[in-house]
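Encoded as structure tokens, the structure appears first; notes follow it.
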Amino acid sequence: MNAMTQDNLRSAFGGESQAHMRYRIWGEKAKKDGFPNVERLFLATSDAEQVHATLHFKALADIHGDFSVISGGGFGLGTTSENLQGAINGELFEVGQMYPAYLAVAEMQGEKEAVKAMRFAVAAEQVHADRFTEAKSAVDAGRDIDAENILMCPVCGYITFDTEVDCCPICNAKSSIFVAY
Ligand SMILES: [Fe+2]
Ligand SMILES: [Fe+2]
């Protein structure tokens with residue numbers, strides 16, 4: 001594929017991914033403001049942007065092969081085990097390199113809100129890496145994960161399979177607000 005088209009696809013993937021998230025956030029706000037149909041429109045369009053992002057990703061994956069799966073956060077589409085390893089690598093990159101550097105800058109600049117957002121994220125990304133690691137061990141053993149319940153803390157992004165936990169170990173939110181998948 002032409003290099004410029006590859007760059008354009010990467011850029012379009014980034015833009016569509018962000019629009020997907022932005023519409024979900026704006027949908028939540030519309031719901032809070034009392035416009036449930038506007039929320040549904042945002043959710044439907046958010047999913048449509050995901051369709052576009054997926055098409056771009058697959059077009060890139062065709063030419064990237066396994067390389068990006070190994071580096072994490074790339075455009076590879078491998079086996080589920082390979083994709084889980086890519087997810088682990090991407091999460092650990094955020095934990096070990098990206099957020100520590102970003103946090104150091106935000107702390108130095110006294111940006112309290114940014115520091116809080118990044119502290120939640122870095123702690124939760126470590127947990128994501130742990131859950132993906134558990135999933136990879138199961139998949140490599142030829143079975144699905146033993147996770148009847150997957151719960152996500154909507155305050156900080158913590159994820160657990162454990163329904164007994166009563167508050168979030170990262171942000172202290174009550175587990176009654178956890179979202180089940
Ligand atoms: Fe994560
Ligand atoms: Fe939390």
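Residue numbers start at 1 in each chain; chains themselves are named A, B, ... in the order of the structure tokens; ligands are numbered from 1 in the order shown.
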
**Study point:** Surroundings of ligand 2 up to 7 Å, based on only C-alpha atoms and all ligand atoms, as a PyMOL selection string
**Key:** chain A and resi 153-158+168-173

Report the closest atom pair, with its distance in Å rounded to one decimal, for each residue of chain A that has an atom no farther than 10 Å from ligand 1; count only C-alpha atoms and all ligand atoms, sort by chain and then rising residue number, and write it as JSON lines.
```
{"residue": "A:Ala87", "atom": "CA", "partner": "ligand 1", "partner_atom_place_in_ligand_line": "1 (Fe)", "distance": 8.2}
{"residue": "A:Ile88", "atom": "CA", "partner": "ligand 1", "partner_atom_place_in_ligand_line": "1 (Fe)", "distance": 8.8}
{"residue": "A:Gly90", "atom": "CA", "partner": "ligand 1", "partner_atom_place_in_ligand_line": "1 (Fe)", "distance": 8.0}
{"residue": "A:Glu91", "atom": "CA", "partner": "ligand 1", "partner_atom_place_in_ligand_line": "1 (Fe)", "distance": 5.4}
{"residue": "A:Leu92", "atom": "CA", "partner": "ligand 1", "partner_atom_place_in_ligand_line": "1 (Fe)", "distance": 8.8}
{"residue": "A:Glu94", "atom": "CA", "partner": "ligand 1", "partner_atom_place_in_ligand_line": "1 (Fe)", "distance": 8.1}
{"residue": "A:Val95", "atom": "CA", "partner": "ligand 1", "partner_atom_place_in_ligand_line": "1 (Fe)", "distance": 9.1}
{"residue": "A:Ala121", "atom": "CA", "partner": "ligand 1", "partner_atom_place_in_ligand_line": "1 (Fe)", "distance": 7.6}
{"residue": "A:Val122", "atom": "CA", "partner": "ligand 1", "partner_atom_place_in_ligand_line": "1 (Fe)", "distance": 8.3}
{"residue": "A:Ala123", "atom": "CA", "partner": "ligand 1", "partner_atom_place_in_ligand_line": "1 (Fe)", "distance": 9.3}
{"residue": "A:Ala124", "atom": "CA", "partner": "ligand 1", "partner_atom_place_in_ligand_line": "1 (Fe)", "distance": 6.5}
{"residue": "A:Glu125", "atom": "CA", "partner": "ligand 1", "partner_atom_place_in_ligand_line": "1 (Fe)", "distance": 4.1}
{"residue": "A:Gln126", "atom": "CA", "partner": "ligand 1", "partner_atom_place_in_ligand_line": "1 (Fe)", "distance": 7.5}
{"residue": "A:Val127", "atom": "CA", "partner": "ligand 1", "partner_atom_place_in_ligand_line": "1 (Fe)", "distance": 7.8}
{"residue": "A:His128", "atom": "CA", "partner": "ligand 1", "partner_atom_place_in_ligand_line": "1 (Fe)", "distance": 5.1}
{"residue": "A:Ala129", "atom": "CA", "partner": "ligand 1", "partner_atom_place_in_ligand_line": "1 (Fe)", "distance": 7.1}
{"residue": "A:Arg131", "atom": "CA", "partner": "ligand 1", "partner_atom_place_in_ligand_line": "1 (Fe)", "distance": 10.0}
{"residue": "A:Phe132", "atom": "CA", "partner": "ligand 1", "partner_atom_place_in_ligand_line": "1 (Fe)", "distance": 9.6}
{"residue": "A:Gly157", "atom": "CA", "partner": "ligand 1", "partner_atom_place_in_ligand_line": "1 (Fe)", "distance": 7.9}
{"residue": "A:Tyr158", "atom": "CA", "partner": "ligand 1", "partner_atom_place_in_ligand_line": "1 (Fe)", "distance": 8.9}
{"residue": "A:Ile159", "atom": "CA", "partner": "ligand 1", "partner_atom_place_in_ligand_line": "1 (Fe)", "distance": 9.4}
```

Go ahead and write the residues just picked, C-alpha atoms, as a PDB file, in the first residue's frame.
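For reference, part-v1.pdb as written:
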```pdb
ATOM      1  CA  ALA A  87      -3.066  -5.788  24.643  1.00  0.00           C
ATOM      2  CA  ILE A  88      -0.753  -6.705  27.555  1.00  0.00           C
ATOM      3  CA  GLY A  90       0.142  -1.859  25.157  1.00  0.00           C
ATOM      4  CA  GLU A  91      -1.153  -1.667  28.742  1.00  0.00           C
ATOM      5  CA  LEU A  92       2.351  -2.215  30.149  1.00  0.00           C
ATOM      6  CA  GLU A  94       1.246   2.898  29.363  1.00  0.00           C
ATOM      7  CA  VAL A  95       2.073   1.759  32.915  1.00  0.00           C
ATOM      8  CA  ALA A 121      -5.455   5.549  34.535  1.00  0.00           C
ATOM      9  CA  VAL A 122      -1.989   4.204  35.344  1.00  0.00           C
ATOM     10  CA  ALA A 123      -3.323   2.125  38.264  1.00  0.00           C
ATOM     11  CA  ALA A 124      -6.206   0.786  36.173  1.00  0.00           C
ATOM     12  CA  GLU A 125      -3.965  -0.021  33.175  1.00  0.00           C
ATOM     13  CA  GLN A 126      -1.847  -2.256  35.412  1.00  0.00           C
ATOM     14  CA  VAL A 127      -5.039  -4.109  36.382  1.00  0.00           C
ATOM     15  CA  HIS A 128      -6.040  -4.359  32.710  1.00  0.00           C
ATOM     16  CA  ALA A 129      -2.656  -5.942  31.991  1.00  0.00           C
ATOM     17  CA  ARG A 131      -6.713  -9.393  33.618  1.00  0.00           C
ATOM     18  CA  PHE A 132      -5.451  -9.775  30.028  1.00  0.00           C
ATOM     19  CA  GLY A 157     -11.631   2.016  35.019  1.00  0.00           C
ATOM     20  CA  TYR A 158     -10.646  -0.740  37.477  1.00  0.00           C
ATOM     21  CA  ILE A 159     -11.735  -4.205  36.269  1.00  0.00           C
TER      22      ILE A 159
END
```

Counting only C-alpha atoms, what are the residues of segment 28-142 of chain A within 9 Å of segment 7-22 of chain A, and for each of them which pair of atoms is the nearest and at what distance in Å, to one decimal? Sort the table by chain and rising number, as a Markdown table.
```
| residue | atom | partner | partner_atom | distance |
| --- | --- | --- | --- | --- |
| A:Leu43 | CA | A:His20 | CA | 8.5 |
| A:Thr45 | CA | A:His20 | CA | 7.7 |
| A:Ser46 | CA | A:His20 | CA | 4.4 |
| A:Asp47 | CA | A:His20 | CA | 6.6 |
| A:Ala48 | CA | A:His20 | CA | 7.9 |
| A:Glu49 | CA | A:His20 | CA | 5.4 |
| A:Gln50 | CA | A:His20 | CA | 5.9 |
| A:Val51 | CA | A:Glu16 | CA | 8.9 |
| A:His52 | CA | A:Glu16 | CA | 6.7 |
| A:Ala53 | CA | A:Phe13 | CA | 4.9 |
| A:Thr54 | CA | A:Phe13 | CA | 7.8 |
| A:Leu55 | CA | A:Phe13 | CA | 8.6 |
| A:His56 | CA | A:Phe13 | CA | 5.7 |
| A:Phe57 | CA | A:Phe13 | CA | 6.5 |
| A:Ala59 | CA | A:Leu9 | CA | 8.0 |
| A:Leu60 | CA | A:Leu9 | CA | 7.2 |
| A:Phe75 | CA | A:Arg10 | CA | 8.7 |
```

Please, could you write that set of residues out with N, CA and C atoms as an mmCIF file, in the first residue's frame?
```cif
data_model
loop_
_atom_site.group_PDB
_atom_site.id
_atom_site.type_symbol
_atom_site.label_atom_id
_atom_site.label_comp_id
_atom_site.auth_asym_id
_atom_site.auth_seq_id
_atom_site.Cartn_x
_atom_site.Cartn_y
_atom_site.Cartn_z
ATOM 1 N N LEU A 43 -25.266 7.242 20.737
ATOM 2 C CA LEU A 43 -24.772 5.862 20.861
ATOM 3 C C LEU A 43 -24.751 5.158 19.501
ATOM 4 N N THR A 45 -24.516 6.571 16.554
ATOM 5 C CA THR A 45 -23.467 7.147 15.705
ATOM 6 C C THR A 45 -22.084 6.749 16.223
ATOM 7 N N SER A 46 -21.961 6.616 17.560
ATOM 8 C CA SER A 46 -20.716 6.129 18.142
ATOM 9 C C SER A 46 -20.380 4.745 17.587
ATOM 10 N N ASP A 47 -21.390 3.871 17.530
ATOM 11 C CA ASP A 47 -21.157 2.530 16.988
ATOM 12 C C ASP A 47 -20.838 2.588 15.486
ATOM 13 N N ALA A 48 -21.443 3.549 14.783
ATOM 14 C CA ALA A 48 -21.137 3.705 13.353
ATOM 15 C C ALA A 48 -19.673 4.100 13.162
ATOM 16 N N GLU A 49 -19.170 4.979 14.037
ATOM 17 C CA GLU A 49 -17.753 5.372 13.931
ATOM 18 C C GLU A 49 -16.858 4.176 14.228
ATOM 19 N N GLN A 50 -17.336 3.300 15.116
ATOM 20 C CA GLN A 50 -16.567 2.079 15.394
ATOM 21 C C GLN A 50 -16.483 1.205 14.146
ATOM 22 N N VAL A 51 -17.572 1.169 13.374
ATOM 23 C CA VAL A 51 -17.553 0.422 12.109
ATOM 24 C C VAL A 51 -16.454 0.983 11.201
ATOM 25 N N HIS A 52 -16.389 2.304 11.094
ATOM 26 C CA HIS A 52 -15.360 2.924 10.235
ATOM 27 C C HIS A 52 -13.956 2.620 10.752
ATOM 28 N N ALA A 53 -13.779 2.787 12.096
ATOM 29 C CA ALA A 53 -12.460 2.531 12.685
ATOM 30 C C ALA A 53 -12.049 1.078 12.415
ATOM 31 N N THR A 54 -13.008 0.167 12.517
ATOM 32 C CA THR A 54 -12.719 -1.256 12.291
ATOM 33 C C THR A 54 -12.293 -1.517 10.849
ATOM 34 N N LEU A 55 -12.972 -0.868 9.916
ATOM 35 C CA LEU A 55 -12.598 -1.031 8.501
ATOM 36 C C LEU A 55 -11.173 -0.529 8.260
ATOM 37 N N HIS A 56 -10.850 0.640 8.819
ATOM 38 C CA HIS A 56 -9.497 1.196 8.643
ATOM 39 C C HIS A 56 -8.461 0.271 9.276
ATOM 40 N N PHE A 57 -8.790 -0.203 10.502
ATOM 41 C CA PHE A 57 -7.866 -1.082 11.231
ATOM 42 C C PHE A 57 -7.569 -2.335 10.419
ATOM 43 N N ALA A 59 -7.877 -2.805 7.205
ATOM 44 C CA ALA A 59 -7.098 -2.476 6.000
ATOM 45 C C ALA A 59 -5.617 -2.360 6.368
ATOM 46 N N LEU A 60 -5.325 -1.771 7.534
ATOM 47 C CA LEU A 60 -3.935 -1.646 7.976
ATOM 48 C C LEU A 60 -3.374 -2.993 8.421
ATOM 49 N N PHE A 75 -1.596 -2.165 14.694
ATOM 50 C CA PHE A 75 -2.705 -2.498 13.811
ATOM 51 C C PHE A 75 -2.756 -3.961 13.416
#
```

Practice item. Quick one: pull the distance between atom CA of Lys29 of chain A and atom CA of Thr163 of chain A, Å, one decimal. Key: 28.2 Å

If you run DSSP over the backbone, which residues in chain A end up strand (DSSP E or B)? Put them as an mmCIF file with C-alpha atoms, in the first residue's frame.
```cif
data_model
loop_
_atom_site.group_PDB
_atom_site.id
_atom_site.type_symbol
_atom_site.label_atom_id
_atom_site.label_comp_id
_atom_site.auth_asym_id
_atom_site.auth_seq_id
_atom_site.Cartn_x
_atom_site.Cartn_y
_atom_site.Cartn_z
ATOM 1 C CA LEU A 151 -17.153 -5.671 36.612
ATOM 2 C CA MET A 152 -15.784 -2.245 35.701
ATOM 3 C CA ILE A 159 -11.735 -4.205 36.269
ATOM 4 C CA THR A 160 -12.423 -7.280 38.383
ATOM 5 C CA CYS A 167 -15.179 -0.984 47.110
ATOM 6 C CA LYS A 174 -18.653 1.566 46.204
ATOM 7 C CA VAL A 179 -20.889 -1.822 35.606
ATOM 8 C CA ALA A 180 -21.356 -5.512 34.738
#
```

Spatial neighbours of Glu148 of chain A, 10 Å, only C-alpha atoms, chain gap at least 2 places, as a short mmCIF file (atom, residue, chain, number, x, y, z; two decimals) with C-alpha atoms, in the first residue's frame:
```
data_model
loop_
_atom_site.label_atom_id
_atom_site.label_comp_id
_atom_site.auth_asym_id
_atom_site.auth_seq_id
_atom_site.Cartn_x
_atom_site.Cartn_y
_atom_site.Cartn_z
CA ILE A 145 -11.54 -17.29 31.04
CA ASP A 146 -13.40 -18.30 34.14
CA ILE A 150 -16.74 -8.90 34.66
CA LEU A 151 -17.15 -5.67 36.61
CA PHE A 161 -14.03 -10.72 38.04
CA ASP A 162 -14.77 -10.73 41.78
CA THR A 163 -18.33 -9.89 42.89
CA TYR A 181 -20.46 -7.05 31.35
#
```

Check your understanding: Would you give me, as a PyMOL selection string, the residues in segment 3-179 of chain A that DSSP reads as helix (DSSP H, G or I)?
Key -> chain A and resi 3-32+36-64+67-71+80-108+112-140+175-177
